[in-house]
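Let me begin by presenting the structure, written as structure tokens, before commenting on it.
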Protein chains: 2
Amino acid sequence: MTVRRADVAKLAGTSPAVVSYVLNGGRPVAAHTRAKVLAAIEQLGYRPNGIARSLRMNRTMTLGLVVPDNANPFFAELARAIEEEAFARGYTLLIGNAAEDDQRQTTYVRTFLARQVDGLFLVPAHGPVGCLEELERSRVPWVSLDRQVDGATAPAVLVDNRGGARVAVEHLLAHGRTRIACIAGPRDVMPATDRVAGWRDALTAAGVRPADMLAWHAPFGRRAGYESTRAILADPRDRPDAIFAASDQQAIGALRAIAELGLGCPTDVALASFDGIAPGAFTTPGLTTMVQPFPQLGRVAMDHLLGQLAGTEQQPQVLPVELLARGSCGCDDPPGGGRASAPTSTNEMGKR
Amino acid sequence: MTVRRADVAKLAGTSPAVVSYVLNGGRPVAAHTRAKVLAAIEQLGYRPNGIARSLRMNRTMTLGLVVPDNANPFFAELARAIEEEAFARGYTLLIGNAAEDDQRQTTYVRTFLARQVDGLFLVPAHGPVGCLEELERSRVPWVSLDRQVDGATAPAVLVDNRGGARVAVEHLLAHGRTRIACIAGPRDVMPATDRVAGWRDALTAAGVRPADMLAWHAPFGRRAGYESTRAILADPRDRPDAIFAASDQQAIGALRAIAELGLGCPTDVALASFDGIAPGAFTTPGLTTMVQPFPQLGRVAMDHLLGQLAGTEQQPQVLPVELLARGSCGCDDPPGGGRASAPTSTNEMGKR
DNA sequence: TTGTATGCGTTATCAT
DNA sequence: ATGATAACGCATACAA
């Protein structure tokens with residue numbers, strides 16, 4: 001059925017091993033033999049079987065990535081950055097959607113382990129990670145992204161959530177806003193709580209009592225941002241003059257809610273958020289946000305993984321985020337949202 | 001190093017084959033033997049090696065998907081639908097980003113073939129598909145999505161681009177708009193040209209000469225939509241009162257451009273587009289769009305693939321798209337964008 | 001009900 | 001410079 005290496009060897013009048021050497025350069029091979037082998041490969045349309053190769057080599061050159069939801073722009077951009085980096089280093093990436101479900105997350109981790117991935121990236125879904133023990137026992141190097149996993153020995157690649165949130169809120173304060181509400185992320189997930197802490201830091205430093213302000217816990221998505229904002233702005237007598245949203249997705253929902261209430265952003269309610277996903281450049285007004293360094297995140301995550309593979313441990317890092325001021329905070333709104341917020345997409349023109 | 005099946009067998013005091021039978025149910029096995037085997041598996045933390053299994057079975061239970069850009073919401077939602085379907089049927093999905101580059105697309109196709117995927121989904125990047133011959137020769141079943149590949153024998157899963165575009169434009173006409181410009185997709189890609197044809201159909205049927213209207217060819221992305229719109233609306237004397245955009249991404253860019261020009265949507269310029277991606281629910285106003293049936297696309301694509309695997313050919317299908325009217329065309333704008341446009345995301349609340 | 005033997009397609013280690 | 005051969009870990013036909 002399939003054409004195997006032996007078939008090539010026979011046609012070329014040599015032995016299977018030589019075919020390997022021609023293909024992989026494992027050792028020198030005579031010019032005329034090489035030519036005959038190449039011809040036979042071409043003629044038979046031979047393609048090496050990567051599965052057999054992996055079995056023999058005990059390496060698959062395959063990495064796994066499990067994300068909570070691949071259709072979410074934040075994870076999609078993160079995945080893209082990692083994939084880019086993996087591709088550049090000759091690895092293929094398997095992507096699994098946990099759909100924010102621990103069961104399904106575990107299933108994917110298992111599947112990837114069974115497929116003998118050389119390493120694993122995990123962006124943990126909310127709540128406890130059921131497959132933690134399994135993962136640790138597997139001896140497969142892994143890295144957690146975006147959130148730390150409690151009790152895990154694996155390194156985590158994180159950004160400065162607290163400091164970044166503080167910068168964002170300070171920026172709102174600098175615009176003269178004083179009543180700054182917070183759409184927090186889910187109560188149990190670290191980046192969310194850190195961002196709330198940063199919001200609190202900024203308010204406290206400015207002499208505002210955070211306790212008097214609203215911190216509204218909700219999921220990270222657009223819809224949650226929308227609904228939280230409607231709730232936050234419900235009472236006209238006691239209205240915040242700014243909102244800090246823990247994610248751009250929430251901010252996009254917030255923008256919609258503000259408009260529906262007949263209010264203006266930034267005039268009535270200024271807005272700043274976190275993540276720096278690409279869509280934030282095209283809202284009206286453009287989103288002021290703390291940009292995560294996606295390419296760098298991909299690079300660092302990969303370094304950690306390959307570091308473990310090579311036995312050289314890396315120091316855990318906290319990467320910086322950068323303020324990108326657009327219109328939603330009250331700054332000038334650059335035409336077309338200014339530079340694409342996510343440096344991953346170098347040339348958005350070429351894309352669908 | 002790794003714990004093999006033989007190790008389990010030894011500890012359980014039986015033979016390796018029995019371990020397989022316990023795991024895969026290939027044949028009945030005595031209760032106490034099974035118990036001992038299970039205990040040994042647990043104790044040693046044994047995990048079957050999927051690579052060896054694949055080699056033996058000549059099946060990997062792995063499918064490949066190559067998309068032009070995974071960070072693009074349209075492809076991301078499509079990928080999510082396919083992944084969902086694959087997961088439900090026990091397959092793992094490999095996702096590759098071609099980055100709109102034919103070279104890289106080819107590299108991924110090759111990689112996936114070498115990895116012995118059981119089947120392949122291809123969302124072709126713009127332009128000719130360099131790996132076509134290679135793909136056909138491989139005898140691996142494949143399906144093309146979103147666009148037809150010229151000269152390919154593989155089935156394509158498509159939606160009614162022309163009919164859908166016509167419906168959208170007719171809807172704009174029904175709102176009393178007569179000067180309807182078109183932001184077309186790239187000139188060489190089929191879904192784009194079909195959507196332009198649908199736009200033309202509608203205008204002609206309404207007694208408007210399309211030749212008098214603008215059809216602006218540009219890539220599918222947000223930035224292109226933004227720039228096209230600025231160009232289209234540049235001349236105040238001769239301004240269209242509506243725009244049909246070939247993709248939601250373009251429409252999102254168009255919305256931003258309209259606002260920057262100090263115009264109102266839908267008051268000055270009404271807008272309708274195509275795809276039905278989730279972010280269209282949260283723009284202001286919400287996007288009126290032709291919704292692609294993502295879950296169904298995933299299902300049909302998978303059916304085609306498994307059909308080929310089983311030797312039962314399927315008839316190529318053109319799936320219907322559905323008009324979802326929100327505020328951008330002039331209809332009432334439902335609060336919060338109404339239902340999520342992409343039925344894939346059943347519960348957006350839970351997501352980041 | 002269970003054990004034994006063979007092969008999947010590759011690469012590495014011997015020889016020659 | 002090249003040919004033969006032994007693993008890699010698993011599934012299954014066959015023998016017991």
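Each chain in the structure tokens gets a letter, A, B and so on, in the order shown; residues start at 1 in every chain, and ligands are counted from 1 in the order they appear.
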
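Using only C-alpha atoms (C1' of nucleotides), the protein and nucleic acid residues lying no more than 6 Å from range 7-13 of chain C, apart from those fewer than 6 places from it along its own chain, are Ala52, Arg53 and Arg56 of chain A; Leu55 and Arg56 of chain B.
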
Dump as a short mmCIF file (atom, residue, chain, number, x, y, z; two decimals) with all heavy atoms, in the first residue's frame the residues of chain D that approach chain A to within 8 Å, counting only C-alpha atoms (C1' of nucleotides).
```
data_model
loop_
_atom_site.label_atom_id
_atom_site.label_comp_id
_atom_site.auth_asym_id
_atom_site.auth_seq_id
_atom_site.Cartn_x
_atom_site.Cartn_y
_atom_site.Cartn_z
P DA D 1 33.30 8.19 1.78
OP1 DA D 1 33.13 9.18 0.74
OP2 DA D 1 32.81 8.41 3.15
"O5'" DA D 1 32.69 6.80 1.25
"C5'" DA D 1 32.57 6.56 -0.13
"C4'" DA D 1 31.88 5.24 -0.32
"O4'" DA D 1 32.39 4.31 0.67
"C3'" DA D 1 30.36 5.29 -0.12
"O3'" DA D 1 29.78 4.49 -1.16
"C2'" DA D 1 30.15 4.66 1.25
"C1'" DA D 1 31.31 3.68 1.35
N9 DA D 1 31.77 3.46 2.74
C8 DA D 1 32.20 4.40 3.62
N7 DA D 1 32.56 3.90 4.78
C5 DA D 1 32.35 2.54 4.65
C6 DA D 1 32.53 1.44 5.52
N6 DA D 1 33.01 1.58 6.77
N1 DA D 1 32.22 0.20 5.06
C2 DA D 1 31.76 0.08 3.81
N3 DA D 1 31.55 1.02 2.90
C4 DA D 1 31.86 2.24 3.38
P DT D 2 28.24 4.49 -1.35
OP1 DT D 2 27.96 4.20 -2.76
OP2 DT D 2 27.68 5.67 -0.71
"O5'" DT D 2 27.84 3.22 -0.52
"C5'" DT D 2 28.01 1.93 -1.08
"C4'" DT D 2 27.81 0.87 -0.02
"O4'" DT D 2 28.43 1.24 1.21
"C3'" DT D 2 26.35 0.60 0.35
"O3'" DT D 2 26.02 -0.67 -0.16
"C2'" DT D 2 26.32 0.63 1.87
"C1'" DT D 2 27.81 0.47 2.20
N1 DT D 2 28.24 0.94 3.53
C2 DT D 2 28.45 0.02 4.52
O2 DT D 2 28.30 -1.18 4.37
N3 DT D 2 28.85 0.55 5.73
C4 DT D 2 29.07 1.88 6.01
O4 DT D 2 29.44 2.23 7.12
C5 DT D 2 28.82 2.79 4.93
C7 DT D 2 29.03 4.25 5.13
C6 DT D 2 28.42 2.30 3.74
P DG D 3 24.48 -0.95 -0.43
OP1 DG D 3 24.35 -1.23 -1.87
OP2 DG D 3 23.66 0.07 0.22
"O5'" DG D 3 24.33 -2.32 0.37
"C5'" DG D 3 25.48 -3.12 0.51
"C4'" DG D 3 25.27 -4.22 1.53
"O4'" DG D 3 25.87 -3.81 2.78
"C3'" DG D 3 23.83 -4.60 1.85
"O3'" DG D 3 23.74 -6.02 1.96
"C2'" DG D 3 23.56 -3.90 3.18
"C1'" DG D 3 24.93 -3.86 3.83
N9 DG D 3 25.15 -2.67 4.63
C8 DG D 3 24.98 -1.36 4.21
N7 DG D 3 25.27 -0.48 5.14
C5 DG D 3 25.63 -1.25 6.23
C6 DG D 3 26.03 -0.84 7.53
O6 DG D 3 26.14 0.29 7.97
N1 DG D 3 26.30 -1.94 8.34
C2 DG D 3 26.21 -3.25 7.95
N2 DG D 3 26.52 -4.16 8.88
N3 DG D 3 25.84 -3.65 6.74
C4 DG D 3 25.56 -2.59 5.94
P DC D 8 14.30 -1.58 23.13
OP1 DC D 8 15.11 -1.12 24.28
OP2 DC D 8 13.42 -2.75 23.27
"O5'" DC D 8 13.37 -0.40 22.62
"C5'" DC D 8 13.85 0.86 22.19
"C4'" DC D 8 12.73 1.58 21.48
"O4'" DC D 8 12.74 1.21 20.09
"C3'" DC D 8 11.34 1.21 21.98
"O3'" DC D 8 10.94 2.16 22.97
"C2'" DC D 8 10.46 1.27 20.73
"C1'" DC D 8 11.45 1.37 19.56
N1 DC D 8 11.29 0.33 18.50
C2 DC D 8 11.23 0.72 17.16
O2 DC D 8 11.27 1.92 16.88
N3 DC D 8 11.10 -0.24 16.21
C4 DC D 8 11.05 -1.53 16.56
N4 DC D 8 10.93 -2.43 15.57
C5 DC D 8 11.12 -1.94 17.91
C6 DC D 8 11.24 -0.99 18.85
P DG D 9 10.42 1.64 24.40
OP1 DG D 9 10.52 2.78 25.32
OP2 DG D 9 11.06 0.35 24.73
"O5'" DG D 9 8.90 1.34 24.12
"C5'" DG D 9 8.04 2.41 23.74
"C4'" DG D 9 6.75 1.84 23.22
"O4'" DG D 9 7.02 1.06 22.04
"C3'" DG D 9 6.04 0.88 24.19
"O3'" DG D 9 4.72 1.34 24.34
"C2'" DG D 9 6.14 -0.48 23.52
"C1'" DG D 9 6.24 -0.10 22.06
N9 DG D 9 6.92 -1.06 21.21
C8 DG D 9 8.02 -1.83 21.53
N7 DG D 9 8.42 -2.60 20.54
C5 DG D 9 7.55 -2.30 19.50
C6 DG D 9 7.49 -2.81 18.19
O6 DG D 9 8.22 -3.64 17.65
N1 DG D 9 6.45 -2.25 17.46
C2 DG D 9 5.56 -1.30 17.96
N2 DG D 9 4.62 -0.87 17.12
N3 DG D 9 5.60 -0.82 19.19
C4 DG D 9 6.61 -1.36 19.90
#
```

So that each row is one residue of chain B with an atom at most 8 Å from chain A, can you give its shortest atom pair and the distance in Å to one decimal, using only C-alpha atoms, rows by chain and rising number, as a Markdown table?
```
| residue | atom | partner | partner_atom | distance |
| --- | --- | --- | --- | --- |
| B:Gly45 | CA | A:Arg137 | CA | 7.8 |
| B:Arg47 | CA | A:Ala114 | CA | 6.8 |
| B:Pro48 | CA | A:Ala114 | CA | 6.5 |
| B:Asn49 | CA | A:Ala114 | CA | 5.7 |
| B:Gly50 | CA | A:Arg115 | CA | 4.9 |
| B:Ile51 | CA | A:Arg115 | CA | 6.0 |
| B:Ala52 | CA | A:Leu55 | CA | 6.1 |
| B:Ser54 | CA | A:Ile51 | CA | 7.2 |
| B:Leu55 | CA | A:Ile51 | CA | 6.1 |
| B:Pro68 | CA | A:Lys351 | CA | 7.7 |
| B:Asp69 | CA | A:Lys351 | CA | 7.2 |
| B:Asn70 | CA | A:Arg80 | CA | 6.6 |
| B:Ala71 | CA | A:Ala76 | CA | 5.0 |
| B:Asn72 | CA | A:Arg352 | CA | 7.0 |
| B:Pro73 | CA | A:Ala71 | CA | 6.7 |
| B:Ala76 | CA | A:Ala71 | CA | 5.1 |
| B:Glu77 | CA | A:Ala71 | CA | 5.4 |
| B:Arg80 | CA | A:Ala71 | CA | 6.4 |
| B:Glu83 | CA | A:Asn97 | CA | 7.8 |
| B:Thr92 | CA | A:Thr111 | CA | 7.7 |
| B:Leu93 | CA | A:Leu94 | CA | 6.9 |
| B:Leu94 | CA | A:Leu94 | CA | 4.9 |
| B:Ile95 | CA | A:Leu94 | CA | 6.3 |
| B:Gly96 | CA | A:Leu93 | CA | 7.5 |
| B:Asn97 | CA | A:Glu83 | CA | 7.8 |
| B:Ala99 | CA | A:Lys351 | CA | 7.9 |
| B:Glu100 | CA | A:Lys351 | CA | 6.7 |
| B:Thr111 | CA | A:Thr92 | CA | 7.7 |
| B:Ala114 | CA | A:Gly50 | CA | 5.0 |
| B:Arg115 | CA | A:Gly50 | CA | 4.9 |
| B:Gln116 | CA | A:Ile51 | CA | 6.8 |
| B:Arg137 | CA | A:Gly45 | CA | 7.9 |
| B:Pro219 | CA | A:Arg352 | CA | 6.0 |
| B:Phe220 | CA | A:Arg352 | CA | 3.8 |
| B:Gly221 | CA | A:Arg352 | CA | 4.5 |
| B:Arg222 | CA | A:Phe282 | CA | 7.5 |
| B:Arg223 | CA | A:Met349 | CA | 6.2 |
| B:Ala224 | CA | A:Met349 | CA | 5.9 |
| B:Tyr226 | CA | A:Gly336 | CA | 6.9 |
| B:Gln249 | CA | A:Arg352 | CA | 7.5 |
| B:Ile252 | CA | A:Phe282 | CA | 6.8 |
| B:Gly253 | CA | A:Phe282 | CA | 6.0 |
| B:Arg256 | CA | A:Phe282 | CA | 5.8 |
| B:Ala257 | CA | A:Gly336 | CA | 7.2 |
| B:Ala259 | CA | A:Thr284 | CA | 7.1 |
| B:Glu260 | CA | A:Pro335 | CA | 7.3 |
| B:Phe282 | CA | A:Arg256 | CA | 5.8 |
| B:Thr283 | CA | A:Arg256 | CA | 6.3 |
| B:Thr284 | CA | A:Arg256 | CA | 6.0 |
| B:Pro335 | CA | A:Glu260 | CA | 7.3 |
| B:Gly336 | CA | A:Tyr226 | CA | 7.0 |
| B:Glu348 | CA | A:Arg223 | CA | 6.6 |
| B:Met349 | CA | A:Ala224 | CA | 5.9 |
| B:Gly350 | CA | A:Pro219 | CA | 6.1 |
| B:Lys351 | CA | A:Gly221 | CA | 5.4 |
| B:Arg352 | CA | A:Phe220 | CA | 3.8 |
```

Self-check item: DSSP alpha helix (DSSP H) selection over range 10-216 of chain A, as a VMD selection string
Solution: chain A and resid 10 to 12 16 to 24 31 to 44 50 to 57 73 to 88 102 to 114 132 to 137 161 to 174 190 to 205

Polymer residues at most 6 Å from range 196-199 of chain B, only C-alpha atoms (C1' of nucleotides), same-chain spacing of 4 or more positions, as a PDB file with N, CA, C and O atoms, in the first residue's frame:
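Below you can see out06.pdb, which holds the result:
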```
ATOM      1  N   ARG B 162     -23.061  34.084  -2.931  1.00  0.00           N
ATOM      2  CA  ARG B 162     -23.740  34.975  -3.861  1.00  0.00           C
ATOM      3  C   ARG B 162     -25.162  35.285  -3.386  1.00  0.00           C
ATOM      4  O   ARG B 162     -25.561  36.442  -3.304  1.00  0.00           O
ATOM      5  N   GLY B 163     -25.901  34.229  -3.068  1.00  0.00           N
ATOM      6  CA  GLY B 163     -27.272  34.419  -2.597  1.00  0.00           C
ATOM      7  C   GLY B 163     -27.321  35.227  -1.313  1.00  0.00           C
ATOM      8  O   GLY B 163     -28.178  36.103  -1.142  1.00  0.00           O
ATOM      9  N   ALA B 165     -25.129  37.421  -0.160  1.00  0.00           N
ATOM     10  CA  ALA B 165     -24.797  38.826  -0.405  1.00  0.00           C
ATOM     11  C   ALA B 165     -26.014  39.545  -0.996  1.00  0.00           C
ATOM     12  O   ALA B 165     -26.330  40.671  -0.619  1.00  0.00           O
ATOM     13  N   ARG B 166     -26.682  38.860  -1.875  1.00  0.00           N
ATOM     14  CA  ARG B 166     -27.870  39.460  -2.486  1.00  0.00           C
ATOM     15  C   ARG B 166     -28.915  39.798  -1.420  1.00  0.00           C
ATOM     16  O   ARG B 166     -29.489  40.888  -1.417  1.00  0.00           O
ATOM     17  N   VAL B 169     -27.890  42.909   0.523  1.00  0.00           N
ATOM     18  CA  VAL B 169     -28.048  44.157  -0.232  1.00  0.00           C
ATOM     19  C   VAL B 169     -29.529  44.477  -0.432  1.00  0.00           C
ATOM     20  O   VAL B 169     -29.944  45.643  -0.353  1.00  0.00           O
TER      21      VAL B 169
END
```

Quiz item: What's the 12 Å shell around Gly151 in chain B, counting only C-alpha atoms (C1' of nucleotides), without same-chain residues fewer than 4 positions away, as a PyMOL selection string?
Solution: chain B and resi 128-130+132-133+135-136+144+155-156

Practice problem: Could you tell me how far CA of Arg177 in chain B lies from CA of Gly262 in chain A, in Å and to one decimal? | Solution: 26.1 Å

Quiz item: Which neighbours of Asp268 in chain A fall inside 8 Å, counting only C-alpha atoms (C1' of nucleotides), when residues of the same chain fewer than 4 positions from it are skipped, and could you give them as a VMD selection string?
Solution: chain A and resid 241 to 242 263 to 264

Quiz item: Can you list, as a list in words, every protein, DNA or RNA residue that comes within 10 Å of Thr178 in chain A when you count only C-alpha atoms (C1' of nucleotides), leaving out same-chain residues fewer than 2 positions away?
Solution: Val169, Leu172, Leu173, Ala174, His175, Gly176, Ile180, Ala181, Leu203, Ala206, Gly207, Val208, Met213, Pro240, Asp241 and Ala242 of chain A

Quiz prompt | All strand (DSSP E or B) residues (DSSP, backbone) inside range 129-343 of chain B, as JSON, numbers by chain | solution = {"B": [142, 143, 144, 145, 156, 157, 158, 159, 180, 181, 182, 183, 184, 215, 216, 217, 242, 243, 244, 245, 270, 271, 272, 273, 274, 275, 288, 289, 290, 291, 318, 319, 322, 323, 324]}

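Counting only C-alpha atoms (C1' of nucleotides), the residue from A:Asn24, A:Gly13, A:Cys265, A:Gly311 that sits nearest to chain C is A:Asn24.
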
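As for CA of His32 in chain B and C1' of DT6 in chain C, they are spaced 28.5 Å apart.
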
Quiz item: What separation in Å, quoted to one decimal, exists between CA of Trp216 in chain A and CA of Ile232 in chain A?
Solution: 7.8 Å

Exercise. Return the single residue from A:Phe244, A:Phe294, A:Tyr21, A:Trp142 that is closest to chain C, with distances computed using only C-alpha atoms (C1' of nucleotides).
Key: A:Tyr21
